[in-house]
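Trainee: Sharing protein15.cif (mmCIF, C-alpha atoms) below.
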data_work
#
loop_
_atom_site.label_atom_id
_atom_site.label_comp_id
_atom_site.auth_asym_id
_atom_site.auth_seq_id
_atom_site.Cartn_x
_atom_site.Cartn_y
_atom_site.Cartn_z
CA VAL A 1 -38.00 -83.38 0.63
CA ALA A 2 -40.22 -83.46 3.71
CA VAL A 3 -39.21 -81.57 6.84
CA CYS A 4 -40.72 -81.95 10.30
CA CYS A 5 -40.53 -78.54 11.98
CA SER A 6 -40.56 -77.45 15.60
CA SER A 7 -43.65 -75.36 14.77
CA GLN A 8 -45.55 -78.70 14.52
CA SER A 9 -45.88 -78.48 10.75
CA LEU A 10 -44.64 -80.56 7.83
CA ARG A 11 -43.01 -78.66 4.98
CA LEU A 12 -42.26 -79.94 1.49
CA TYR A 13 -39.33 -78.69 -0.60
CA ASP A 14 -38.06 -79.50 -4.07
CA ARG A 15 -35.18 -81.98 -3.73
CA GLU A 16 -32.76 -80.17 -6.07
CA SER A 17 -33.54 -76.47 -5.66
CA LEU A 18 -34.88 -76.63 -2.06
CA ARG A 19 -37.72 -74.39 -3.22
CA PHE A 20 -40.67 -74.40 -0.78
CA LEU A 21 -43.67 -76.29 -2.15
CA ARG A 22 -46.32 -76.59 0.55
CA GLU A 23 -47.03 -76.99 4.24
CA TYR A 24 -49.25 -79.34 6.22
CA ARG A 25 -50.58 -78.66 9.68
CA ALA A 26 -51.19 -81.77 11.73
CA ARG A 27 -53.65 -81.90 14.57
CA PRO A 28 -52.44 -80.33 17.85
CA GLY A 29 -49.58 -82.20 19.47
CA SER A 30 -45.92 -82.95 18.92
CA LEU A 31 -44.79 -84.59 15.68
CA SER A 32 -42.37 -87.51 15.84
CA GLY A 33 -40.83 -87.53 12.40
CA VAL A 34 -41.87 -87.87 8.78
CA ARG A 35 -41.45 -90.70 6.22
CA PHE A 36 -42.13 -90.96 2.52
CA ALA A 37 -43.78 -94.12 1.24
CA HIS A 38 -41.35 -96.50 -0.47
CA THR A 39 -43.57 -97.39 -3.43
CA CYS A 40 -45.20 -93.99 -4.06
CA ASP A 41 -43.13 -90.82 -3.80
CA SER A 42 -46.17 -88.57 -3.35
CA LEU A 43 -47.33 -90.18 -0.08
CA LEU A 44 -45.81 -89.23 3.25
CA PHE A 45 -46.52 -90.22 6.84
CA SER A 46 -46.20 -88.44 10.17
CA ALA A 47 -46.94 -89.51 13.74
CA CYS A 48 -48.49 -87.31 16.38
CA SER A 49 -48.41 -87.35 20.16
CA GLN A 50 -52.22 -87.20 20.11
CA GLY A 51 -52.34 -90.88 19.20
CA THR A 52 -52.50 -90.91 15.41
CA VAL A 53 -50.31 -91.57 12.38
CA GLN A 54 -51.40 -89.51 9.40
CA CYS A 55 -50.80 -90.05 5.68
CA TRP A 56 -50.66 -87.10 3.29
CA ASP A 57 -50.78 -87.05 -0.52
CA ALA A 58 -48.59 -84.32 -2.04
CA ARG A 59 -50.64 -84.49 -5.27
CA SER A 60 -53.83 -83.51 -3.48
CA ALA A 61 -54.94 -79.88 -3.21
CA THR A 62 -56.43 -80.49 0.21
CA GLN A 63 -54.55 -79.89 3.43
CA LYS A 64 -56.26 -82.84 5.07
CA PRO A 65 -54.62 -86.27 5.44
CA VAL A 66 -55.87 -88.93 3.05
CA GLN A 67 -55.65 -91.53 5.82
CA VAL A 68 -55.55 -91.44 9.60
CA PHE A 69 -54.31 -94.42 11.60
CA SER A 70 -55.79 -94.09 15.06
CA GLY A 71 -54.33 -95.60 18.20
CA TYR A 72 -55.91 -96.34 21.56
CA PRO A 73 -57.04 -93.53 23.89
CA SER A 74 -53.91 -93.59 26.09
CA ASN A 75 -51.43 -93.74 23.19
CA VAL A 76 -48.84 -90.96 22.82
CA PHE A 77 -46.76 -91.79 19.75
CA ILE A 78 -43.11 -90.75 19.82
CA SER A 79 -41.73 -93.02 17.06
CA PHE A 80 -42.98 -94.78 13.94
CA ASP A 81 -41.96 -96.37 10.65
CA VAL A 82 -43.46 -97.90 7.50
CA SER A 83 -42.48 -101.31 6.11
CA CYS A 84 -40.47 -101.43 2.87
CA THR A 85 -43.58 -102.63 0.99
CA ASP A 86 -45.77 -99.90 2.56
CA LEU A 87 -48.18 -102.58 3.80
CA ILE A 88 -47.65 -102.10 7.55
CA VAL A 89 -47.34 -99.01 9.73
CA CYS A 90 -45.93 -99.34 13.24
CA ALA A 91 -45.77 -96.69 15.99
CA GLY A 92 -44.20 -96.70 19.45
CA THR A 93 -45.70 -95.06 22.51
CA GLU A 94 -44.59 -93.27 25.62
CA LYS A 95 -45.05 -95.24 28.81
CA ALA A 96 -48.55 -94.70 30.20
CA GLU A 97 -48.87 -95.92 33.78
CA LYS A 98 -47.17 -99.33 33.42
CA ASP A 99 -47.82 -99.88 29.73
CA THR A 100 -45.87 -99.20 26.55
CA PHE A 101 -46.95 -100.41 23.11
CA LEU A 102 -45.86 -101.11 19.57
CA VAL A 103 -49.06 -100.49 17.58
CA PHE A 104 -49.55 -101.95 14.08
CA TRP A 105 -51.91 -101.03 11.22
CA ASP A 106 -52.71 -102.41 7.77
CA ALA A 107 -51.72 -99.62 5.34
CA ARG A 108 -53.12 -101.18 2.17
CA GLY A 109 -55.51 -99.17 0.02
CA ILE A 110 -54.64 -95.76 1.41
CA THR A 111 -55.75 -93.78 -1.64
CA ASP A 112 -58.90 -95.89 -2.05
CA CYS A 113 -60.45 -94.79 1.23
CA ALA A 114 -59.59 -91.12 1.54
CA SER A 115 -60.12 -89.49 4.94
CA ALA A 116 -61.07 -92.81 6.47
CA THR A 117 -59.74 -93.75 9.90
CA LYS A 118 -58.06 -97.10 10.36
CA GLU A 119 -58.06 -99.00 13.63
CA PRO A 120 -55.01 -101.00 14.78
CA LEU A 121 -54.37 -104.57 13.70
CA GLY A 122 -52.92 -105.24 17.12
CA VAL A 123 -50.13 -104.39 19.55
CA TYR A 124 -46.97 -105.74 21.18
CA SER A 125 -46.95 -104.85 24.85
CA GLU A 126 -44.57 -107.19 26.69
CA SER A 127 -41.12 -106.56 25.18
CA HIS A 128 -40.37 -103.02 26.43
CA ASN A 129 -41.09 -101.46 29.80
CA ASP A 130 -40.40 -97.80 28.98
CA ASP A 131 -40.83 -95.23 26.17
CA ILE A 132 -40.26 -96.70 22.69
CA THR A 133 -38.05 -94.04 21.16
CA LYS A 134 -37.19 -95.57 17.78
CA ILE A 135 -38.68 -98.04 15.26
CA CYS A 136 -37.03 -99.16 12.04
CA PHE A 137 -38.30 -101.72 9.52
CA HIS A 138 -35.77 -103.81 7.62
CA PRO A 139 -34.86 -102.22 4.23
CA ILE A 140 -35.61 -105.37 2.19
CA GLU A 141 -37.43 -107.82 4.51
CA PRO A 142 -40.91 -106.34 5.24
CA ASN A 143 -41.59 -108.75 8.12
CA LEU A 144 -38.60 -107.64 10.20
CA VAL A 145 -38.68 -104.61 12.49
CA VAL A 146 -36.37 -103.39 15.25
CA SER A 147 -37.39 -101.18 18.17
CA GLY A 148 -35.39 -99.26 20.75
CA SER A 149 -36.44 -97.85 24.11
CA THR A 150 -35.33 -95.79 27.07
CA ASP A 151 -35.21 -99.12 28.90
CA GLY A 152 -31.98 -99.76 26.98
CA LEU A 153 -33.33 -102.72 25.03
CA VAL A 154 -33.17 -103.15 21.26
CA ASN A 155 -35.67 -105.79 20.13
CA VAL A 156 -35.89 -107.50 16.74
CA PHE A 157 -39.28 -108.89 15.68
CA ASP A 158 -40.59 -111.07 12.86
CA ILE A 159 -44.14 -109.78 12.58
CA ASN A 160 -45.20 -112.75 10.43
CA LYS A 161 -45.33 -114.83 13.61
CA ASP A 162 -48.64 -115.38 15.36
CA ASN A 163 -47.86 -113.75 18.70
CA GLU A 164 -45.38 -111.41 20.37
CA ASP A 165 -43.41 -114.14 22.15
CA ASP A 166 -42.76 -116.03 18.91
CA ALA A 167 -42.14 -112.79 16.99
CA LEU A 168 -39.31 -111.67 19.29
CA ILE A 169 -36.17 -112.92 17.52
CA ALA A 170 -33.51 -111.16 19.57
CA THR A 171 -33.03 -108.73 22.43
CA CYS A 172 -29.85 -106.68 22.69
CA ASN A 173 -28.95 -104.43 25.61
CA SER A 174 -27.41 -101.03 24.89
CA ASP A 175 -27.01 -100.29 28.62
CA SER A 176 -28.57 -96.85 28.06
CA SER A 177 -31.55 -95.02 26.60
CA VAL A 178 -31.77 -95.59 22.83
CA SER A 179 -31.89 -92.46 20.66
CA SER A 180 -31.39 -93.86 17.16
CA LEU A 181 -31.00 -97.21 15.40
CA GLY A 182 -30.84 -98.82 11.98
CA TRP A 183 -29.78 -101.75 9.80
CA SER A 184 -26.40 -102.23 8.12
CA GLY A 185 -24.04 -104.76 6.55
CA GLU A 186 -24.44 -107.18 3.65
CA ASP A 187 -28.13 -108.02 3.24
CA TYR A 188 -28.65 -105.73 6.23
CA LYS A 189 -28.08 -108.44 8.82
CA GLN A 190 -26.48 -106.05 11.31
CA ILE A 191 -28.13 -103.61 13.70
CA TYR A 192 -26.61 -100.47 15.18
CA CYS A 193 -27.90 -98.07 17.79
CA MET A 194 -26.94 -94.80 19.44
CA THR A 195 -27.90 -93.73 22.93
CA HIS A 196 -28.95 -90.44 24.48
CA ASP A 197 -25.60 -90.22 26.31
CA GLU A 198 -23.74 -90.63 22.97
CA GLY A 199 -22.98 -94.34 23.26
CA PHE A 200 -22.81 -96.68 20.27
CA CYS A 201 -23.64 -100.39 19.85
CA TRP A 202 -23.31 -102.62 16.81
CA TRP A 203 -24.59 -106.19 16.59
CA ASP A 204 -24.48 -108.95 13.95
CA MET A 205 -27.78 -110.83 13.74
CA ALA A 206 -26.19 -113.39 11.41
CA GLN A 207 -24.41 -114.83 14.46
CA LEU A 208 -27.60 -115.53 16.43
CA ASP A 209 -27.55 -119.25 15.66
CA THR A 210 -23.78 -119.65 16.01
CA GLU A 211 -21.32 -119.80 18.90
CA GLU A 212 -19.79 -116.47 17.84
CA PRO A 213 -20.59 -113.30 19.83
CA ILE A 214 -23.11 -111.00 18.16
CA THR A 215 -21.54 -107.77 19.49
CA LEU A 216 -19.29 -106.15 16.89
CA LEU A 217 -18.59 -102.96 18.83
CA HIS A 218 -19.80 -101.31 22.04
CA ILE A 219 -18.58 -97.82 22.96
CA LEU A 220 -19.94 -96.14 26.07
CA ASP A 221 -19.13 -92.58 24.94
CA VAL A 222 -18.23 -91.88 21.32
CA ARG A 223 -17.12 -88.35 22.23
CA GLU A 224 -14.15 -89.84 24.07
CA SER A 225 -13.32 -92.33 21.30
CA VAL A 226 -13.26 -90.05 18.27
CA CYS A 227 -10.78 -87.21 18.03
CA ALA A 228 -12.09 -84.38 15.86
CA GLU A 229 -9.02 -82.17 16.14
CA ASN A 230 -9.96 -78.67 17.28
CA HIS A 231 -13.66 -79.02 16.50
CA GLY A 232 -14.59 -81.64 19.10
CA LEU A 233 -17.51 -84.04 18.92
CA HIS A 234 -20.53 -83.06 20.99
CA TYR A 235 -23.26 -85.44 19.83
CA LEU A 236 -24.36 -88.13 17.37
CA VAL A 237 -27.16 -87.57 14.87
CA GLY A 238 -27.53 -91.03 13.34
CA GLY A 239 -25.99 -93.63 11.05
CA LEU A 240 -25.95 -94.55 7.37
CA TYR A 241 -24.86 -97.70 5.60
CA HIS A 242 -22.98 -97.00 2.36
CA GLU A 243 -23.78 -99.93 0.06
CA LYS A 244 -21.02 -99.17 -2.48
CA ALA A 245 -18.32 -98.87 0.17
CA LYS A 246 -19.95 -101.67 2.21
CA LYS A 247 -19.31 -99.60 5.29
CA LEU A 248 -21.27 -98.12 8.17
CA PHE A 249 -20.80 -94.44 8.91
CA LEU A 250 -22.00 -92.31 11.81
CA VAL A 251 -22.92 -88.65 11.51
CA GLY A 252 -22.11 -86.44 14.48
CA GLY A 253 -21.44 -82.79 15.11
CA THR A 254 -20.77 -79.81 17.30
CA SER A 255 -23.00 -77.23 18.92
CA THR A 256 -21.65 -74.66 16.44
CA GLY A 257 -22.85 -76.62 13.40
CA ASN A 258 -19.83 -78.58 12.19
CA ILE A 259 -20.74 -82.04 10.83
CA HIS A 260 -18.45 -85.04 11.36
CA LEU A 261 -18.48 -88.22 9.29
CA ILE A 262 -17.22 -91.19 11.31
CA SER A 263 -16.25 -94.60 9.93
CA CYS A 264 -17.18 -97.74 11.89
CA GLY A 265 -15.03 -100.86 12.08
CA THR A 266 -14.87 -103.77 14.48
CA ASP A 267 -11.58 -102.26 15.71
CA GLY A 268 -13.21 -98.94 16.56
CA LEU A 269 -14.33 -95.59 15.16
CA SER A 270 -12.30 -93.10 13.14
CA LEU A 271 -13.01 -89.63 11.81
CA VAL A 272 -13.25 -89.49 8.02
CA GLY A 273 -13.86 -85.78 7.56
CA THR A 274 -15.74 -82.66 8.63
CA LEU A 275 -18.20 -80.38 6.83
CA CYS A 276 -17.78 -76.82 8.07
CA GLY A 277 -19.24 -73.41 7.30
CA GLY A 278 -22.84 -74.46 6.87
CA HIS A 279 -24.87 -74.70 10.05
CA SER A 280 -24.39 -72.41 13.02
CA ALA A 281 -26.15 -74.57 15.62
CA THR A 282 -26.82 -78.22 16.47
CA VAL A 283 -27.72 -80.45 13.51
CA ARG A 284 -30.74 -82.62 14.29
CA SER A 285 -31.33 -84.64 11.13
CA PHE A 286 -29.82 -85.72 7.83
CA CYS A 287 -30.70 -87.65 4.69
CA TRP A 288 -28.09 -89.31 2.49
CA SER A 289 -28.72 -89.86 -1.24
CA PRO A 290 -26.55 -92.66 -2.66
CA THR A 291 -27.58 -91.72 -6.21
CA ASP A 292 -25.65 -88.45 -6.38
CA GLU A 293 -23.74 -88.78 -3.08
CA SER A 294 -25.45 -85.70 -1.67
CA LEU A 295 -26.30 -85.01 1.95
CA LEU A 296 -29.28 -83.04 3.29
CA THR A 297 -28.98 -81.66 6.82
CA GLY A 298 -31.41 -79.81 9.05
CA GLY A 299 -30.50 -77.93 12.21
CA GLU A 300 -31.66 -75.79 15.10
CA ASP A 301 -30.49 -72.73 13.14
CA ALA A 302 -33.58 -73.13 10.89
CA GLN A 303 -31.43 -74.10 7.91
CA LEU A 304 -32.00 -76.90 5.43
CA LEU A 305 -28.69 -77.46 3.67
CA LEU A 306 -27.88 -79.61 0.65
CA TRP A 307 -24.26 -80.72 0.39
CA LYS A 308 -23.07 -81.92 -3.02
CA PRO A 309 -19.68 -82.93 -4.43
CA GLY A 310 -18.20 -79.88 -6.18
CA ALA A 311 -21.35 -77.77 -5.80
CA VAL A 312 -21.34 -73.97 -5.97
CA GLU A 313 -22.88 -72.34 -2.94
CA ARG A 314 -26.10 -70.47 -3.51
CA SER A 315 -28.48 -68.97 -0.98
CA LEU A 316 -32.13 -68.99 -1.98
CA THR A 317 -33.58 -66.86 0.79
CA LYS A 318 -32.41 -64.34 3.29
CA LYS A 319 -31.52 -65.80 6.65
CA ALA A 320 -34.65 -66.20 8.70
CA SER A 321 -35.47 -67.76 12.03
CA LEU A 322 -37.82 -70.73 12.00
CA LYS A 323 -39.13 -69.74 15.41
CA ILE A 324 -40.19 -66.32 14.15
CA SER A 325 -41.22 -66.77 10.54
CA SER A 326 -41.62 -70.53 10.15
CA SER A 327 -39.39 -70.42 7.08
CA LEU A 328 -36.19 -72.37 6.54
CA GLN A 329 -33.04 -70.98 5.04
CA LYS A 330 -32.07 -73.13 2.09
CA ARG A 331 -28.55 -73.33 0.77
CA VAL A 332 -26.46 -75.65 -1.32
CA ARG A 333 -23.02 -76.28 0.12
CA VAL A 334 -19.86 -77.86 -1.21
CA HIS A 335 -18.27 -81.04 0.05
CA ASN A 336 -15.32 -82.94 -1.30
CA THR A 337 -16.23 -86.06 -3.26
CA SER A 338 -13.74 -88.07 -1.23
CA LEU A 339 -13.35 -86.59 2.23
CA LYS A 340 -9.70 -86.72 3.15
CA SER A 341 -8.73 -89.13 5.87
CA ARG A 342 -7.58 -87.77 9.18
CA LYS A 343 -5.00 -89.29 11.44
CA LYS A 344 -6.31 -91.18 14.39
CA CYS A 345 -5.65 -89.51 17.71
#
Please lay out the structure from this file as structure tokens.
Mentor:
Amino acid sequence: VAVCCSSQSLRLYDRESLRFLREYRARPGSLSGVRFAHTCDSLLFSACSQGTVQCWDARSATQKPVQVFSGYPSNVFISFDVSCTDLIVCAGTEKAEKDTFLVFWDARGITDCASATKEPLGVYSESHNDDITKICFHPIEPNLVVSGSTDGLVNVFDINKDNEDDALIATCNSDSSVSSLGWSGEDYKQIYCMTHDEGFCWWDMAQLDTEEPITLLHILDVRESVCAENHGLHYLVGGLYHEKAKKLFLVGGTSTGNIHLISCGTDGLSLVGTLCGGHSATVRSFCWSPTDESLLTGGEDAQLLLWKPGAVERSLTKKASLKISSSLQKRVRVHNTSLKSRKKC
């Protein structure tokens, strides 16, 4: 498990025990997430506000990245992703003067040219006019990528096309600044996004060439649409598509650390269940494992929690503050295999 910390470091933990393995220190600047490679579980990527995307090899004894993808001098990267074949890396920039960019690199042969610096293949510069806050490659189609921005636009590209105009397949408007997005549905033909003011949009790309509307659902404020009994809903963290259930779920929470699982349907959103007693502050990230139906969550309380069906709670370290000691508290928590349904309010 790779964790991007507020101390501007990347920390690796064992997936099952949450035992700390090692730490990487990137060059000065803010980190904008971390991704494992899809075809090699020892390679991980991180993007930095100083204009680079770095690749690390967990098998290597060195603390230096095995590959650095460098941007242009004005680039401040705040989002990135890696294609499902690990052949292309793409990063999104903050707006600099009047420009904002999607920057692309060829990621082939990473381990063959250790410590080398790669220059960009090229950029898209015309499709967004503000900070590009989120990038997400398609899970099974390596040529498709979706980007979201504070300009409210969600753009879908086919990067096999020769130029940006031809590559732009669709533009959807979320009417607000995009905070998170992803792919869902059968063959992942749907796109969903969340906004910084807790809005939610859901589109069906399969309807692009038909007379049917592509919008499946558009909610301006999810906090007003989902009733979470006495706990409330304060924010959204992200979404996950459950392939077995063939259903899209949203993960949200409260400022006191409760985690809500929300089911999405074309008729609206409904609360499925709540995970309580784990975090004590806002939850910022999660990772769902369909293999064992476990959920990893990370929060502002410096805790990395692993939720498993029927698990027995165990605390591996004494509670410690990330801000003070740069160490995460690791615990395994219990969640019900089938979260009980709650009545709609």
Trainee: Could you write out as a list in words the residues that the PyMOL selection byres ((chain A and resi 187-190) around 9) matches in the shown file?
Mentor: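 In the shown coordinates, the PyMOL selection byres ((chain A and resi 187-190) around 9) covers His138, Pro139, Ile140, Gly182, Trp183, Ser184, Gly185, Glu186, Ile191, Tyr192, Trp202, Trp203, Asp204, Met205, Ala206 and Tyr241 of chain A.
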Trainee: Would you compute the distance between atom CA of Ala47 of chain A and atom CA of Glu164 of chain A? Give it in Å to one decimal.
Mentor: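 Separation between atom CA of Ala47 of chain A and atom CA of Glu164 of chain A: 22.9 Å.
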Trainee: Which of these, A:Pro213, A:Gly92, A:Gly278, A:Gly109, has the shortest distance to Ser127 of chain A once you count all atoms listed in the file?
Mentor: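 Under the stated criterion, the closest residue is A:Gly92.
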Trainee: Restricting the calculation to all atoms listed in the file: of A:Asp14, A:Asp221, A:Asp81, A:Glu94, which residue gets closest to Leu144 of chain A?
Mentor: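 The closest residue to Leu144 of chain A is A:Asp81.
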Trainee: How close does each residue of segment 177-241 of chain A get to segment 289-297 of chain A, giving the shortest atom pair and distance in Å to one decimal for every residue with an atom at most 12 Å away, counting all atoms listed in the file, sorted by chain and residue number, as a Markdown table?
Mentor:
| residue | atom | partner | partner_atom | distance |
| --- | --- | --- | --- | --- |
| A:Val237 | CA | A:Thr297 | CA | 10.2 |
| A:Gly238 | CA | A:Thr297 | CA | 11.5 |
| A:Leu240 | CA | A:Ser289 | CA | 10.2 |
| A:Tyr241 | CA | A:Pro290 | CA | 9.8 |
Trainee: Mind telling me what the PyMOL selection byres ((chain A and resi 132) around 6) catches here, as a PyMOL selection string?
Mentor: chain A and resi 92-93+131+133-134+148-149
Trainee: If you measure from atom CA of Thr171 of chain A to atom CA of His242 of chain A, what distance in Å do you get, rounded to one decimal?
Mentor: 25.3 Å
Trainee: Compare A:Val103, A:Val272, A:His218, A:Gly239 by their minimum atom-to-atom distance to Cys287 of chain A, counting only C-alpha atoms, and give me the closest one.
Mentor: A:Gly239
Trainee: Neighbours of Ser9 of chain A within 9 Å (all atoms listed in the file; same-chain residues fewer than 6 positions away dropped), as a list in words?
Mentor: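 Near Ser9 of chain A, the qualifying residues are Val3, Glu23, Tyr24, Arg25, Ala26 and Leu31 of chain A.
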Trainee: Applying the PyMOL selection byres ((chain A and resi 121) around 8) to the file I just gave you, which residues come out? Please list them as a PDB file with C-alpha atoms, in the coordinates of the input.
Mentor:
ATOM      1  CA  VAL A 103     -49.060-100.490  17.580  1.00  0.00           C
ATOM      2  CA  PHE A 104     -49.550-101.950  14.080  1.00  0.00           C
ATOM      3  CA  TRP A 105     -51.910-101.030  11.220  1.00  0.00           C
ATOM      4  CA  ASP A 106     -52.710-102.410   7.770  1.00  0.00           C
ATOM      5  CA  GLU A 119     -58.060 -99.000  13.630  1.00  0.00           C
ATOM      6  CA  PRO A 120     -55.010-101.000  14.780  1.00  0.00           C
ATOM      7  CA  GLY A 122     -52.920-105.240  17.120  1.00  0.00           C
ATOM      8  CA  VAL A 123     -50.130-104.390  19.550  1.00  0.00           C
TER       9      VAL A 123
END
Trainee: Take atom CA of Ser174 of chain A and atom CA of Asp151 of chain A and report the distance between them in Å, one decimal.
Mentor: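 Between atom CA of Ser174 of chain A and atom CA of Asp151 of chain A the gap is 9.0 Å.
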Trainee: Restricting the calculation to all atoms listed in the file: of A:Val178, A:Ile169, A:Leu216, A:Ala245, which residue gets closest to Val154 of chain A?
Mentor: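 For Val154 of chain A, the nearest of the given residues is A:Val178.
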